[in-house]
>>> print(open('upload_38.txt').read())   # compact mmCIF, C-alpha atoms
# COMPACT_ATOMS: atom_id res chain seq x y z
CA MET A 21 142.02 -49.57 -127.88
CA PRO A 22 142.69 -46.96 -125.13
CA GLN A 23 140.28 -44.07 -125.20
CA PRO A 24 141.83 -40.69 -125.93
CA ASP A 25 141.50 -37.90 -123.44
CA LEU A 26 138.61 -35.62 -124.38
CA GLU A 27 140.48 -32.49 -123.34
CA ALA A 28 143.40 -33.41 -125.54
CA VAL A 29 141.15 -34.25 -128.47
CA MET A 30 139.34 -30.95 -128.10
CA ALA A 31 142.52 -28.95 -127.80
CA GLU A 32 143.80 -30.48 -131.01
CA HIS A 33 140.68 -30.59 -133.17
CA PHE A 34 138.21 -28.02 -131.85
CA PRO A 35 139.38 -25.12 -134.06
CA ARG A 36 139.02 -27.09 -137.29
CA ILE A 37 135.65 -28.53 -136.32
CA HIS A 38 134.48 -25.05 -135.33
CA ARG A 39 135.67 -23.66 -138.67
CA ALA A 40 133.70 -26.25 -140.61
CA ALA A 41 130.67 -25.66 -138.39
CA LEU A 42 130.90 -21.91 -139.01
CA VAL A 43 131.00 -22.36 -142.76
CA LEU A 44 128.08 -24.78 -142.61
CA SER A 45 125.82 -22.89 -140.21
CA GLY A 46 126.51 -19.27 -141.17
CA ASN A 47 126.80 -17.82 -137.69
CA PRO A 48 129.23 -18.26 -134.79
CA TRP A 49 126.56 -19.15 -132.22
CA ASP A 50 125.25 -22.16 -134.08
CA ALA A 51 128.84 -23.01 -134.91
CA ASP A 52 129.70 -23.09 -131.20
CA ASP A 53 126.74 -25.34 -130.51
CA LEU A 54 127.49 -27.65 -133.41
CA ALA A 55 131.15 -27.97 -132.54
CA GLN A 56 130.47 -28.65 -128.88
CA GLU A 57 127.75 -31.13 -129.71
CA THR A 58 130.18 -32.88 -132.01
CA PHE A 59 132.59 -33.49 -129.16
CA LEU A 60 129.83 -34.48 -126.77
CA THR A 61 128.62 -37.02 -129.30
CA PHE A 62 132.17 -38.20 -129.74
CA ALA A 63 132.53 -38.61 -125.98
CA ALA A 64 129.37 -40.69 -125.87
CA HIS A 65 130.26 -42.86 -128.86
CA ALA A 66 134.01 -42.94 -128.68
CA ASP A 67 133.94 -46.70 -128.44
CA GLN A 68 132.78 -46.78 -132.07
CA PHE A 69 136.03 -45.18 -133.16
CA GLU A 70 138.19 -48.12 -134.12
CA GLY A 71 141.25 -46.17 -135.09
CA ARG A 72 141.19 -47.32 -138.70
CA SER A 73 140.70 -43.74 -139.88
CA SER A 74 141.99 -40.45 -138.65
CA LEU A 75 140.32 -39.02 -135.61
CA TYR A 76 139.45 -35.79 -137.38
CA THR A 77 137.69 -37.59 -140.22
CA PHE A 78 135.62 -39.36 -137.58
CA LEU A 79 134.81 -35.99 -136.00
CA TYR A 80 133.91 -34.49 -139.38
CA GLY A 81 131.51 -37.38 -139.92
CA ILE A 82 129.77 -36.62 -136.63
CA LEU A 83 129.64 -32.92 -137.45
CA LEU A 84 128.06 -33.48 -140.86
CA ASN A 85 125.46 -35.82 -139.40
CA LEU A 86 124.54 -33.27 -136.75
CA ASP A 87 124.38 -30.50 -139.34
CA ARG A 88 122.13 -32.58 -141.59
CA ARG A 89 119.84 -33.36 -138.68
CA GLU A 90 119.68 -29.70 -137.68
CA ARG A 91 118.86 -28.60 -141.22
CA ARG A 92 116.10 -31.17 -141.42
CA ARG A 93 114.63 -29.97 -138.14
CA SER A 94 114.78 -26.31 -139.06
CA GLY A 95 113.26 -27.10 -142.45
CA MET A 96 110.38 -28.83 -140.72
CA ARG A 97 109.91 -25.87 -138.38
CA ARG A 98 109.92 -23.49 -141.31
CA ARG A 99 107.31 -25.50 -143.16
CA LYS A 100 105.05 -25.52 -140.13
CA LEU A 101 105.40 -21.78 -139.67
CA ARG A 102 104.66 -21.22 -143.35
CA ILE A 103 101.48 -23.23 -143.04
CA LEU A 104 100.48 -21.18 -140.01
CA TRP A 105 101.23 -17.91 -141.75
CA SER A 106 99.35 -18.84 -144.87
CA SER A 107 96.14 -18.71 -142.84
CA GLU A 108 96.97 -15.25 -141.53
CA PRO A 109 96.23 -12.05 -143.43
CA GLU A 110 99.23 -10.77 -145.29
CA THR A 111 100.78 -7.83 -143.52
CA PRO A 112 104.05 -6.16 -144.35
CA ARG A 113 106.81 -7.17 -141.99
CA THR A 114 109.22 -4.67 -140.52
CA SER A 115 111.48 -7.19 -138.86
CA ALA A 116 113.03 -10.50 -139.68
CA ALA A 117 110.61 -13.39 -139.95
CA ALA A 118 110.53 -15.99 -137.21
CA ASP A 119 111.74 -18.63 -139.61
CA ALA A 120 114.68 -16.56 -140.77
CA ARG A 121 118.01 -18.17 -140.10
CA ALA A 122 120.56 -16.30 -138.03
CA GLU A 123 123.37 -15.51 -140.40
CA VAL A 124 126.17 -13.03 -140.04
CA THR A 125 126.72 -10.52 -142.81
CA GLU A 126 130.19 -11.75 -143.62
CA TRP A 127 128.85 -15.22 -144.29
CA LYS A 128 125.89 -13.95 -146.30
CA ASN A 129 128.25 -11.98 -148.53
CA SER A 130 130.56 -14.92 -149.01
CA LEU A 131 130.35 -17.74 -151.51
CA TRP A 132 129.50 -20.16 -148.70
CA ALA A 133 126.00 -18.70 -148.49
CA ARG A 134 125.56 -19.76 -152.13
CA VAL A 135 127.05 -23.16 -151.39
CA ALA A 136 124.33 -23.61 -148.77
CA LYS A 137 121.78 -23.72 -151.60
CA LEU A 138 123.39 -26.78 -153.15
CA PRO A 139 122.35 -30.38 -152.44
CA ASP A 140 123.74 -31.93 -149.28
CA GLY A 141 126.31 -34.16 -150.93
CA GLN A 142 127.83 -31.39 -153.03
CA ARG A 143 127.73 -28.90 -150.16
CA GLN A 144 129.52 -31.24 -147.78
CA ALA A 145 132.12 -32.19 -150.36
CA LEU A 146 132.88 -28.53 -151.08
CA VAL A 147 133.18 -27.72 -147.38
CA LEU A 148 135.54 -30.61 -146.71
CA ARG A 149 137.64 -29.83 -149.75
CA PHE A 150 137.88 -26.05 -149.85
CA SER A 151 137.30 -25.03 -146.27
CA GLU A 152 138.99 -27.92 -144.52
CA GLY A 153 141.51 -28.80 -147.20
CA LEU A 154 141.00 -32.55 -146.95
CA ARG A 155 142.33 -34.88 -149.61
CA TYR A 156 139.86 -36.66 -151.89
CA GLU A 157 140.54 -39.95 -150.13
CA GLU A 158 139.77 -38.41 -146.75
CA ILE A 159 136.55 -36.87 -148.06
CA ALA A 160 135.53 -40.25 -149.43
CA GLU A 161 136.15 -41.69 -145.98
CA VAL A 162 134.08 -39.03 -144.23
CA LEU A 163 131.20 -39.17 -146.69
CA ASP A 164 131.44 -42.94 -147.03
CA CYS A 165 131.35 -42.93 -150.81
CA PRO A 166 133.70 -43.87 -153.67
CA LEU A 167 136.52 -41.60 -154.71
CA GLY A 168 134.97 -40.92 -158.10
CA THR A 169 131.77 -39.78 -156.44
CA VAL A 170 133.69 -37.27 -154.37
CA LYS A 171 135.32 -35.77 -157.45
CA SER A 172 132.02 -35.74 -159.26
CA ARG A 173 130.30 -33.99 -156.35
CA ILE A 174 133.02 -31.37 -156.14
CA PHE A 175 132.92 -30.73 -159.88
CA HIS A 176 129.15 -30.56 -160.08
CA GLY A 177 129.02 -28.55 -156.85
CA LEU A 178 131.24 -25.92 -158.43
CA ALA A 179 129.09 -26.03 -161.56
CA GLY A 180 125.98 -25.55 -159.40
CA LEU A 181 127.67 -22.67 -157.63
CA ARG A 182 128.43 -21.09 -161.00
CA ARG A 183 124.76 -21.40 -161.96
CA VAL A 184 123.62 -19.83 -158.69
CA LEU A 185 125.92 -16.89 -159.26
CA ASP A 186 124.76 -16.50 -162.87
CA GLN A 187 121.15 -16.56 -161.73
CA GLU A 188 121.87 -13.91 -159.12
CA GLY A 189 123.52 -11.79 -161.79
CA GLU A 190 120.52 -12.12 -164.08
CA ASP A 191 118.14 -11.24 -161.27
CA ALA A 192 120.20 -8.20 -160.39
CA CYS A 193 120.16 -7.05 -164.02
CA GLN A 194 116.40 -7.45 -164.32
CA THR A 195 115.61 -5.57 -161.11
CA PRO A 196 115.72 -1.80 -161.61
CA ALA A 197 117.92 0.05 -159.19
CA PHE A 198 115.14 2.47 -158.19
CA PRO A 199 111.86 0.73 -158.95
CA GLN A 200 109.65 3.43 -157.41
CA GLU A 201 111.26 6.36 -159.13
CA ASP A 202 109.36 7.97 -161.99
CA ILE A 203 111.83 9.32 -164.51
CA SER A 204 109.32 10.12 -167.22
CA HIS A 205 109.74 13.83 -166.59
CA ALA A 206 113.41 13.61 -167.48
CA VAL A 207 112.77 12.21 -170.93
CA MET B 19 88.96 -27.12 -179.01
CA PRO B 20 92.03 -29.25 -178.76
CA SER B 21 91.45 -32.82 -177.75
CA ASP B 22 93.12 -34.22 -174.68
CA PRO B 23 95.27 -37.12 -175.81
CA LYS B 24 95.50 -38.56 -172.28
CA ARG B 25 91.75 -38.67 -171.95
CA LYS B 26 91.38 -40.27 -175.33
CA LYS B 27 93.86 -42.93 -174.33
CA GLN B 28 91.98 -43.70 -171.15
CA THR B 29 88.66 -44.12 -172.87
CA SER B 30 89.88 -46.49 -175.53
CA PRO B 31 93.04 -48.21 -174.44
CA ASN B 32 92.77 -51.11 -176.83
CA ASN B 33 92.39 -48.95 -179.91
CA ALA B 34 95.81 -47.43 -179.49
CA GLN B 35 97.56 -50.72 -179.07
CA THR B 36 98.84 -52.74 -181.96
CA PRO B 37 97.55 -56.29 -181.95
CA THR B 38 99.87 -58.86 -180.49
CA PRO B 39 100.65 -62.02 -182.46
CA SER B 40 98.41 -64.05 -180.18
CA GLN B 41 95.52 -61.67 -180.90
CA VAL B 42 96.09 -61.97 -184.57
CA ASP B 43 95.93 -65.71 -184.31
CA GLY B 44 92.78 -65.48 -182.24
CA SER B 45 94.03 -68.11 -179.83
CA ALA B 46 94.28 -65.89 -176.74
CA VAL B 47 93.51 -62.31 -175.75
CA ALA B 48 95.92 -60.49 -173.52
CA PRO B 49 94.34 -58.84 -170.45
CA ALA B 50 93.74 -55.14 -170.92
CA ASN B 51 95.36 -53.90 -167.72
CA VAL B 52 98.63 -55.78 -167.49
CA PRO B 53 100.96 -53.79 -165.25
CA GLN B 54 103.95 -52.47 -167.07
CA ALA B 55 107.31 -53.64 -165.89
CA PHE B 56 109.13 -51.06 -163.77
CA GLN B 57 112.22 -50.13 -165.69
CA PRO B 58 113.50 -46.83 -164.35
CA ARG B 59 116.01 -45.00 -166.44
CA LEU B 60 118.67 -43.90 -163.99
CA ILE B 61 120.43 -40.78 -165.10
CA HIS B 62 123.95 -40.68 -163.81
CA PRO B 63 125.75 -37.34 -163.77
CA ASP B 64 128.66 -36.97 -166.08
CA PRO B 65 131.90 -38.04 -164.48
CA ALA B 66 134.18 -35.27 -163.42
CA PRO B 67 137.08 -34.60 -165.76
CA VAL B 68 140.24 -36.05 -164.28
CA ASP B 69 143.74 -36.28 -165.66
CA LEU B 70 145.82 -39.42 -165.99
CA GLU B 71 146.89 -39.24 -162.36
CA GLY B 72 143.28 -39.04 -161.22
CA GLU B 73 143.52 -35.38 -160.24
CA LEU B 74 140.42 -33.29 -160.83
CA GLN B 75 140.80 -30.95 -163.79
CA LEU B 76 138.91 -27.76 -163.10
CA PRO B 77 138.22 -25.13 -165.74
CA ASP B 78 139.57 -21.68 -165.05
CA ASP B 79 136.33 -20.24 -163.73
CA PHE B 80 135.83 -23.23 -161.42
CA ALA B 81 139.38 -22.90 -160.14
CA ALA B 82 138.71 -19.23 -159.42
CA LEU B 83 135.57 -20.19 -157.50
CA ALA B 84 137.52 -22.77 -155.52
CA GLU B 85 140.13 -20.19 -154.64
CA GLN B 86 137.43 -17.74 -153.61
CA LEU B 87 135.85 -20.39 -151.38
CA GLN B 88 139.17 -20.96 -149.64
CA ASP B 89 139.66 -17.22 -149.13
CA ASP B 90 136.13 -16.80 -147.78
CA ALA B 91 136.59 -19.67 -145.35
CA ALA B 92 139.87 -18.20 -144.12
CA TYR B 93 138.27 -14.78 -143.70
CA LEU B 94 135.32 -16.17 -141.78
CA THR B 95 137.64 -18.14 -139.51
CA ASN B 96 139.69 -15.05 -138.74
CA ARG B 97 136.59 -12.98 -138.18
CA TYR B 98 134.90 -15.52 -135.91
CA PRO B 99 137.64 -17.66 -134.37
CA ALA B 100 136.90 -20.68 -132.25
CA PRO B 101 136.41 -19.96 -128.56
CA LEU B 102 139.52 -20.25 -126.46
CA ALA B 103 140.23 -23.62 -124.96
CA ASP B 104 140.57 -22.27 -121.41
CA GLU B 105 136.87 -22.90 -120.87
CA PRO B 106 136.60 -26.67 -120.90
CA LEU B 107 133.69 -28.35 -122.59
CA CYS B 108 132.76 -30.20 -119.41
CA ALA B 109 132.26 -26.91 -117.59
CA THR B 110 130.26 -25.46 -120.48
CA ALA B 111 128.04 -28.49 -120.78
CA GLY B 112 127.51 -28.77 -117.04
CA LEU B 113 129.19 -32.14 -116.81
CA PRO B 114 131.26 -33.13 -113.79
CA SER B 115 134.99 -32.98 -113.99
CA SER B 116 135.14 -36.74 -114.04
CA ALA B 117 133.58 -36.59 -117.50
CA ARG B 118 136.79 -35.12 -118.83
CA SER B 119 138.15 -38.56 -119.16
CA LEU B 120 136.57 -40.46 -121.97
CA ASP B 121 136.84 -43.58 -119.88
CA ALA B 122 134.25 -42.12 -117.59
CA THR B 123 131.80 -40.99 -120.25
CA ALA B 124 132.24 -43.21 -123.25
CA GLY B 125 132.60 -46.30 -121.13
CA SER B 126 129.15 -45.91 -119.65
CA SER B 127 126.21 -47.36 -121.47
CA SER B 128 124.20 -45.05 -123.66
CA SER B 129 121.03 -45.73 -121.70
CA ALA B 130 122.61 -44.37 -118.51
CA SER B 131 123.58 -41.05 -120.09
CA PRO B 132 120.13 -39.40 -120.09
CA THR B 133 119.55 -40.51 -116.50
CA ARG B 134 122.83 -39.08 -115.43
CA ARG B 135 122.21 -35.86 -117.28
CA PHE B 136 118.76 -35.57 -115.72
CA ALA B 137 120.23 -36.09 -112.26
CA LEU B 138 122.80 -33.39 -112.91
CA LEU B 139 120.19 -30.97 -114.18
CA THR B 140 117.95 -31.68 -111.24
CA THR B 141 120.80 -31.10 -108.81
CA ALA B 142 121.74 -27.87 -110.54
CA ALA B 143 118.14 -26.69 -110.55
CA ALA B 144 117.69 -27.55 -106.87
CA THR B 145 120.87 -25.67 -105.98
CA MET B 146 119.70 -22.72 -108.03
CA ALA B 147 116.28 -22.78 -106.40
CA ALA B 148 117.87 -22.81 -102.95
CA ALA B 149 120.12 -19.90 -103.86
CA LEU B 150 117.18 -17.95 -105.27
CA SER B 151 115.10 -18.61 -102.16
CA ILE B 152 117.89 -17.31 -99.94
CA GLY B 153 118.22 -14.33 -102.22
CA LEU B 154 114.51 -13.58 -102.00
CA LEU B 155 114.60 -13.86 -98.23
CA ALA B 156 117.53 -11.50 -98.14
CA ASN B 157 115.78 -8.99 -100.38
CA ARG B 158 112.60 -8.83 -98.35
CA PRO B 159 113.90 -6.75 -95.40
CA ALA B 160 115.64 -4.36 -97.74
CA HIS B 161 112.31 -3.28 -99.25
CA ASP B 162 110.56 -3.09 -95.92
CA SER B 163 111.18 0.13 -94.04
CA GLN B 164 110.02 -1.56 -90.83
CA SER B 165 112.80 -4.05 -90.99
CA SER B 166 113.04 -6.43 -88.07
CA VAL B 167 116.78 -6.75 -88.54
CA PRO B 168 118.22 -3.34 -87.77
CA THR B 169 121.82 -4.40 -88.03
CA GLN B 170 121.50 -5.70 -91.57
CA PRO B 171 123.54 -3.68 -94.05
CA THR B 172 121.51 -2.06 -96.79
CA VAL B 173 122.01 -3.45 -100.25
CA GLY B 174 120.56 -0.47 -102.09
CA ARG B 175 118.08 2.36 -101.96
CA ALA B 176 114.39 1.68 -101.74
CA GLY B 177 113.05 0.91 -105.18
CA ASP B 178 116.50 0.26 -106.50
CA LEU B 179 116.45 -3.48 -106.76
CA PRO B 180 119.90 -4.96 -106.64
CA THR B 181 120.77 -7.55 -109.20
CA ALA B 182 122.55 -10.68 -108.23
CA HIS B 183 125.67 -9.32 -109.82
CA THR B 184 125.75 -6.10 -107.82
CA VAL B 185 124.86 -7.80 -104.57
CA ALA B 186 127.65 -10.26 -104.97
CA HIS B 187 130.17 -7.45 -105.18
CA GLN B 188 128.93 -5.61 -102.08
CA GLY B 189 129.63 -6.18 -98.44
CA PRO B 190 128.47 -9.10 -96.36
CA THR B 191 124.71 -9.66 -96.60
CA LEU B 192 122.35 -12.46 -95.89
CA TYR B 193 123.45 -13.87 -99.23
CA ASP B 194 126.60 -15.02 -97.52
CA LEU B 195 124.73 -17.09 -94.99
CA ASP B 196 124.64 -20.76 -95.81
CA ARG B 197 125.25 -20.21 -99.50
CA SER B 198 126.61 -23.17 -101.40
CA GLU B 199 126.48 -21.70 -104.91
CA PRO B 200 127.71 -18.18 -105.69
CA LEU B 201 124.95 -15.99 -107.06
CA LEU B 202 127.46 -14.34 -109.31
CA LEU B 203 126.61 -17.06 -111.82
CA LEU B 204 123.23 -15.49 -112.42
CA GLY B 205 124.76 -12.12 -113.06
CA ASP B 206 127.06 -13.56 -115.64
CA ALA B 207 124.40 -15.67 -117.30
CA THR B 208 123.12 -14.52 -120.65
CA GLY B 209 119.45 -14.07 -121.41
CA PRO B 210 118.85 -17.50 -122.94
CA GLU B 211 120.76 -19.14 -120.09
CA ARG B 212 118.61 -17.37 -117.51
CA GLU B 213 115.52 -18.38 -119.42
CA GLY B 214 116.63 -21.99 -119.41
CA LEU B 215 117.37 -21.91 -115.70
CA LEU B 216 113.96 -20.42 -114.99
CA ASP B 217 112.33 -23.15 -117.07
CA LEU B 218 114.21 -25.75 -115.07
CA LEU B 219 113.21 -24.04 -111.85
CA GLN B 220 109.56 -24.07 -112.84
CA GLN B 221 109.73 -27.72 -113.78
CA THR B 222 111.53 -28.94 -110.70
CA ALA B 223 110.47 -26.63 -107.87
CA SER B 224 108.03 -28.36 -105.56
CA THR B 225 106.91 -25.15 -103.83
CA GLU B 226 105.84 -21.93 -105.44
CA THR B 227 108.75 -19.59 -105.86
CA GLY B 228 109.30 -16.14 -107.30
CA VAL B 229 112.21 -14.53 -109.01
CA SER B 230 113.21 -10.89 -109.08
CA PHE B 231 115.95 -9.21 -111.05
>>> encode(input="upload_38.txt", output="C-alpha cells")
Amino acid sequence: MPQPDLEAVMAEHFPRIHRAALVLSGNPWDADDLAQETFLTFAAHADQFEGRSSLYTFLYGILLNLDRRERRRSGMRRRKLRILWSSEPETPRTSAAADARAEVTEWKNSLWARVAKLPDGQRQALVLRFSEGLRYEEIAEVLDCPLGTVKSRIFHGLAGLRRVLDQEGEDACQTPAFPQEDISHAV
Amino acid sequence: MPSDPKRKKQTSPNNAQTPTPSQVDGSAVAPANVPQAFQPRLIHPDPAPVDLEGELQLPDDFAALAEQLQDDAAYLTNRYPAPLADEPLCATAGLPSSARSLDATAGSSSSASPTRRFALLTTAAATMAAALSIGLLANRPAHDSQSSVPTQPTVGRAGDLPTAHTVAHQGPTLYDLDRSEPLLLLGDATGPEREGLLDLLQQTASTETGVSF
C-alpha cells in the first residue's frame, strides 16, 4: 500500500487531533505536544496502517495511547513528589504545587475537567463521541472493543459525570461562603 | 468486650465446620487447610439502554450533559485553535525536509530512528556551539575599551550587552563572518527551547564554553 504524504495527512487531520488532545490534556501546550507526537509516531509506524480502517481512527488510537502513557508518567511523578513532601514539614504554599497540572481556566470550568476524573475507558469514549463526534462503530474500532461496550461506557460515563457534579454541588453547599467570618454579633 | 469473630475462626477452624459425610463415617478425615477453589464473582455493569435500532437511549439529564460536553468542546476549540499549518511538523521537530515524505521516515527501520535523531541533534548542537563561540569572540572586543580592532563597529554601549536578536538586526559585525547558522534563531527561541539547547551544548561540547545573553 503506498504511504500517504505526511504533510497531506497533517493538513487534513491535525485540527481534529489537536482538538481531541486539547480536551484530553486541558491546556494548549500539552495539546500541541500530544498532537505533534501523534503524527511523529504515525510517521514512524505508518507501515502498520493497513488501510482497513479510516486514517483518522488510526490517528485517534495513537493519540489515546500517548495520552494514557503521559497520564501514567505524570501520575508516577506526582506520587514520587508526594512521598518526598510527606517527609517535609507542612508549610502553607503561596503558589501552585510542583505536581499541579497546567490547565487553562476555560478547561477547568468546563465539563471536560470533570470527565478527566472518570476511568480511562469512559473518558476516552466520551471524548470520541461528544468532542469528536465519531459514530459508535468508529469508537469501537479506535478502542478495540465491542459495540455494546462502547455504548455501556458512554452511558456509565455520563452517569459518572452526573455523580461528580452532584458531589461538587453537595460540597459547595456544605462549605460556608465566608468560613472565617464571625456573625454572632449580628444575631 | 466484643469478641473478634475472625480471630475465633482462626483459632478453631474445625469447630466452625460442619462434618463432611466422610468424617461422619469415620473412614477418612479431610485435611484442615484445603485451599478453596478460586471462583471470582465478576460484576458486569448494567447494559446501556438501547432502543430497537440499537441507538443509545439517554435520559433527559444525560442528554443535557452530552449537549453541554459538545458545546464545551466547541468553545475550547475556538478559544485555542490548532496551530496554523504553515509551520511544517518537520521544521518544528528538527527533522530534515526529506522526512516530509513518509517513504523516507516510515520506510526506515525503527532501530535506525534514534541513531538518526541523535545525529541530527548532535549536528544541530555543534552548529549552535560554533555560532555561540563566534558570538562570544565578537562580543569580547565590544566590552574591552582597549580594543585591538579599531575599525569594528560598536554593537552597543559598554555594559549594555546585546542580545542575539538585537545584534542580528544591526549593521555588519563579526557575527557575519563565517556564520553558517543565523543567530536570530536564539532570539526567537522561547525559554524552554533555550534551556534545551544549552543542555545539548553542555552534553556535546568538547571544550569549555560560556554563554551570555
>>> residues_around(input="upload_38.txt", residues="Ala100 in chain B", least_positions_apart="4", cutoff="9 Å", atoms="only C-alpha atoms", output="number ranges by chain")
A: 34-39, 48, 51-52; B: 95
>>> atom_distance(input="upload_38.txt", atom1="CA of Ile103 in chain A", atom2="CA of Ala133 in chain A")
25.5 Å
>>> closest_residue(input="upload_38.txt", among="A:Val29, A:Leu75, A:Ile159, A:Leu185", to="Gly141 in chain A", atoms="all atoms listed in the file")
A:Ile159
>>> closest_residue(input="upload_38.txt", among="A:Phe59, A:Trp49, A:Phe175, A:Phe150", to="Leu76 in chain B", atoms="all atoms listed in the file")
A:Phe175
>>> residues_around(input="upload_38.txt", residues="Val135 in chain A", least_positions_apart="5", cutoff="10 Å", atoms="only C-alpha atoms", output="PDB file with C-alpha atoms, keeping the file's coordinate frame")
ATOM      1  CA  VAL A  43     131.000 -22.360-142.760  1.00  0.00           C
ATOM      2  CA  LEU A  44     128.080 -24.780-142.610  1.00  0.00           C
ATOM      3  CA  SER A 130     130.560 -14.920-149.010  1.00  0.00           C
ATOM      4  CA  ASP A 140     123.740 -31.930-149.280  1.00  0.00           C
ATOM      5  CA  GLN A 142     127.830 -31.390-153.030  1.00  0.00           C
ATOM      6  CA  ARG A 143     127.730 -28.900-150.160  1.00  0.00           C
ATOM      7  CA  GLN A 144     129.520 -31.240-147.780  1.00  0.00           C
ATOM      8  CA  LEU A 146     132.880 -28.530-151.080  1.00  0.00           C
ATOM      9  CA  VAL A 147     133.180 -27.720-147.380  1.00  0.00           C
ATOM     10  CA  GLY A 177     129.020 -28.550-156.850  1.00  0.00           C
ATOM     11  CA  LEU A 178     131.240 -25.920-158.430  1.00  0.00           C
ATOM     12  CA  GLY A 180     125.980 -25.550-159.400  1.00  0.00           C
ATOM     13  CA  LEU A 181     127.670 -22.670-157.630  1.00  0.00           C
ATOM     14  CA  ARG A 182     128.430 -21.090-161.000  1.00  0.00           C
ATOM     15  CA  VAL A 184     123.620 -19.830-158.690  1.00  0.00           C
TER      16      VAL A 184
ATOM     17  CA  LEU B  87     135.850 -20.390-151.380  1.00  0.00           C
TER      18      LEU B  87
END
>>> closest_residue(input="upload_38.txt", among="B:Ala82, B:Ala91, B:Leu70, B:Leu139", to="chain A", atoms="all atoms listed in the file")
B:Ala91
>>> atom_distance(input="upload_38.txt", atom1="CA of Gln86 in chain B", atom2="CA of Glu126 in chain A")
13.7 Å
>>> closest_residue(input="upload_38.txt", among="B:Glu85, B:Pro67, B:Tyr98, B:Ala207", to="Asp50 in chain A", atoms="only C-alpha atoms")
B:Tyr98
>>> closest_residue(input="upload_38.txt", among="A:Ser73, A:Phe62, A:Pro166, A:Ala41", to="Glu27 in chain A", atoms="all atoms listed in the file")
A:Phe62
>>> residues_around(input="upload_38.txt", residues="Thr222 in chain B", least_positions_apart="4", cutoff="10 Å", atoms="all atoms listed in the file", output="PyMOL selection string")
chain B and resi 139-141+143-144+147+216-218
>>> residues_around(input="upload_38.txt", residues="range 53-66 of chain B", least_positions_apart="3", cutoff="9 Å", atoms="all atoms listed in the file", output="number ranges by chain")
A: 168-169, 171-176; B: 74-76
>>> write_last_selection(input="upload_38.txt", atoms="C-alpha atoms", output="compact mmCIF listing (two decimals), keeping the file's coordinate frame")
# COMPACT_ATOMS: atom_id res chain seq x y z
CA GLY A 168 134.97 -40.92 -158.10
CA THR A 169 131.77 -39.78 -156.44
CA LYS A 171 135.32 -35.77 -157.45
CA SER A 172 132.02 -35.74 -159.26
CA ARG A 173 130.30 -33.99 -156.35
CA ILE A 174 133.02 -31.37 -156.14
CA PHE A 175 132.92 -30.73 -159.88
CA HIS A 176 129.15 -30.56 -160.08
CA LEU B 74 140.42 -33.29 -160.83
CA GLN B 75 140.80 -30.95 -163.79
CA LEU B 76 138.91 -27.76 -163.10
>>> atom_distance(input="upload_38.txt", atom1="CA of Ala145 in chain A", atom2="CA of Leu102 in chain B")
27.7 Å
>>> decode(input="upload_38.txt", residues="range 23-37 of chain A", atoms="N, CA and C atoms", output="CSV table (one decimal), in the first residue's frame")
chain,number,residue,atom,x,y,z
A,23,GLN,N,2.4,4.8,0.8
A,23,GLN,CA,2.4,5.5,2.0
A,23,GLN,C,1.9,6.9,1.7
A,24,PRO,N,1.0,7.4,2.6
A,24,PRO,CA,0.5,8.8,2.3
A,24,PRO,C,1.5,9.8,2.7
A,25,ASP,N,1.4,11.0,2.1
A,25,ASP,CA,2.3,12.1,2.4
A,25,ASP,C,2.0,12.6,3.7
A,26,LEU,N,3.0,12.8,4.6
A,26,LEU,CA,2.8,13.3,5.9
A,26,LEU,C,2.2,14.7,5.9
A,27,GLU,N,2.7,15.5,5.1
A,27,GLU,CA,2.2,16.9,5.0
A,27,GLU,C,0.7,16.9,4.7
A,28,ALA,N,0.3,16.0,3.8
A,28,ALA,CA,-1.1,16.0,3.4
A,28,ALA,C,-2.0,15.4,4.6
A,29,VAL,N,-1.4,14.4,5.2
A,29,VAL,CA,-2.2,13.8,6.3
A,29,VAL,C,-2.3,14.8,7.4
A,30,MET,N,-1.3,15.6,7.7
A,30,MET,CA,-1.3,16.6,8.8
A,30,MET,C,-2.3,17.7,8.4
A,31,ALA,N,-2.2,18.1,7.2
A,31,ALA,CA,-3.1,19.2,6.8
A,31,ALA,C,-4.6,18.8,6.9
A,32,GLU,N,-4.8,17.6,6.7
A,32,GLU,CA,-6.2,17.1,6.8
A,32,GLU,C,-6.7,16.8,8.2
A,33,HIS,N,-5.8,16.2,9.0
A,33,HIS,CA,-6.3,15.7,10.3
A,33,HIS,C,-5.7,16.4,11.5
A,34,PHE,N,-4.8,17.3,11.3
A,34,PHE,CA,-4.2,17.9,12.5
A,34,PHE,C,-5.2,18.7,13.4
A,35,PRO,N,-6.1,19.4,12.8
A,35,PRO,CA,-7.0,20.2,13.6
A,35,PRO,C,-7.9,19.3,14.5
A,36,ARG,N,-8.4,18.1,14.0
A,36,ARG,CA,-9.2,17.3,14.8
A,36,ARG,C,-8.4,16.5,15.9
A,37,ILE,N,-7.2,16.2,15.5
A,37,ILE,CA,-6.3,15.5,16.5
A,37,ILE,C,-6.0,16.5,17.6
